[in-house]
Amino acid sequence: MNLAQSPVDACARVVDLDAEQSMRLRMSELGLRVGAVVRVTQRAAFGGRVVAIGAQRFAVDGQTAARIRIEPVRP
């Protein structure tokens with residue numbers, strides 16, 4: 001499953017980031033890295049998602065969300 005397919009209020013663990021090194025670095029700076037647990041708080045336009053990692057929230061566009069593989073976890 002990827003982040004773009006995740007329903008609102010679902011918690012998931014990031015298992016893979018299919019992105020070039022510069023994008024991986026930027027996502028890592030935001031806390032979005034392999035092993036991180038995220039919660040989808042909103043659906044955004046064109047398949048994007050607003051995700052929460054701890055108290056931090058940010059939007060991920062649809063193309064990027066489709067490249068982030070996740071696995072569901074219990075909150």
# chains A, B, ... in the order shown; residues from 1 in each chain; ligands from 1
$ residues_around --residues "Gly31 in chain A" --least-positions-apart "3" --cutoff "9 Å" --atoms "only C-alpha atoms" --output "list in words"
Arg26, Met27, Ser28, Ala36, Ile53 and Gln56 of chain A
$ write_last_selection --atoms "C-alpha atoms" --output "PDB file, in the first residue's frame"
ATOM      1  CA  ARG A  26      14.171  16.613   2.526  1.00  0.00           C
ATOM      2  CA  MET A  27      11.591  14.062   3.697  1.00  0.00           C
ATOM      3  CA  SER A  28      13.994  12.854   6.378  1.00  0.00           C
ATOM      4  CA  ALA A  36       8.402   6.583  11.045  1.00  0.00           C
ATOM      5  CA  ILE A  53       4.230  12.887  12.698  1.00  0.00           C
ATOM      6  CA  GLN A  56       4.101  18.228  13.226  1.00  0.00           C
TER       7      GLN A  56
END
$ residues_around --residues "Val73 in chain A" --least-positions-apart "3" --cutoff "7 Å" --atoms "only C-alpha atoms" --output "list in words"
Cys11, Ala12 and Arg13 of chain A
$ residues_around --residues "Gln42 in chain A" --least-positions-apart "6" --cutoff "6 Å" --atoms "only C-alpha atoms" --output "list of chain:residue names"
A:Val8, A:Arg49, A:Val50
$ write_last_selection --atoms "C-alpha atoms" --output "compact mmCIF listing (two decimals), in the first residue's frame"
# COMPACT_ATOMS: atom_id res chain seq x y z
CA VAL A 8 -8.04 9.54 6.66
CA ARG A 49 -2.36 13.74 1.91
CA VAL A 50 -1.83 15.81 5.03
$ closest_residue --among "A:Ala66, A:Leu3, A:Met23, A:Val15" --to "Arg39 in chain A" --atoms "only C-alpha atoms"
A:Leu3
$ select_by_dssp --residues "range 18-48 of chain A" --states "alpha helix (DSSP H)" --output "list of chain:residue names"
A:Gln21, A:Ser22, A:Met23, A:Arg24, A:Leu25, A:Arg26, A:Met27, A:Ser28, A:Glu29, A:Leu30
$ select_by_dssp --residues "chain A" --states "strand (DSSP E or B)" --output "number ranges by chain"
A: 2, 11-17, 37-43, 49-53, 56-60, 68-72
$ atom_distance --atom1 "CA of Ala44 in chain A" --atom2 "CA of Leu25 in chain A"
23.0 Å
$ closest_residue --among "A:Thr41, A:Pro72, A:Asp16, A:Ser22" --to "Ala55 in chain A" --atoms "only C-alpha atoms"
A:Thr41
$ atom_distance --atom1 "CA of Arg43 in chain A" --atom2 "CA of Gln21 in chain A"
26.1 Å
$ closest_residue --among "A:Ala59, A:Ala65, A:Val14, A:Ala4" --to "Val37 in chain A" --atoms "only C-alpha atoms"
A:Val14
$ closest_residue --among "A:Gly54, A:Gly35, A:Pro7, A:Gly48" --to "Arg67 in chain A" --atoms "only C-alpha atoms"
A:Gly48
$ closest_residue --among "A:Phe46, A:Glu20, A:Val34, A:Glu29" --to "Arg69 in chain A" --atoms "only C-alpha atoms"
A:Val34
$ atom_distance --atom1 "CA of Leu30 in chain A" --atom2 "CA of Arg74 in chain A"
22.1 Å
$ closest_residue --among "A:Arg24, A:Phe58, A:Val51, A:Met1" --to "Glu71 in chain A" --atoms "only C-alpha atoms"
A:Met1
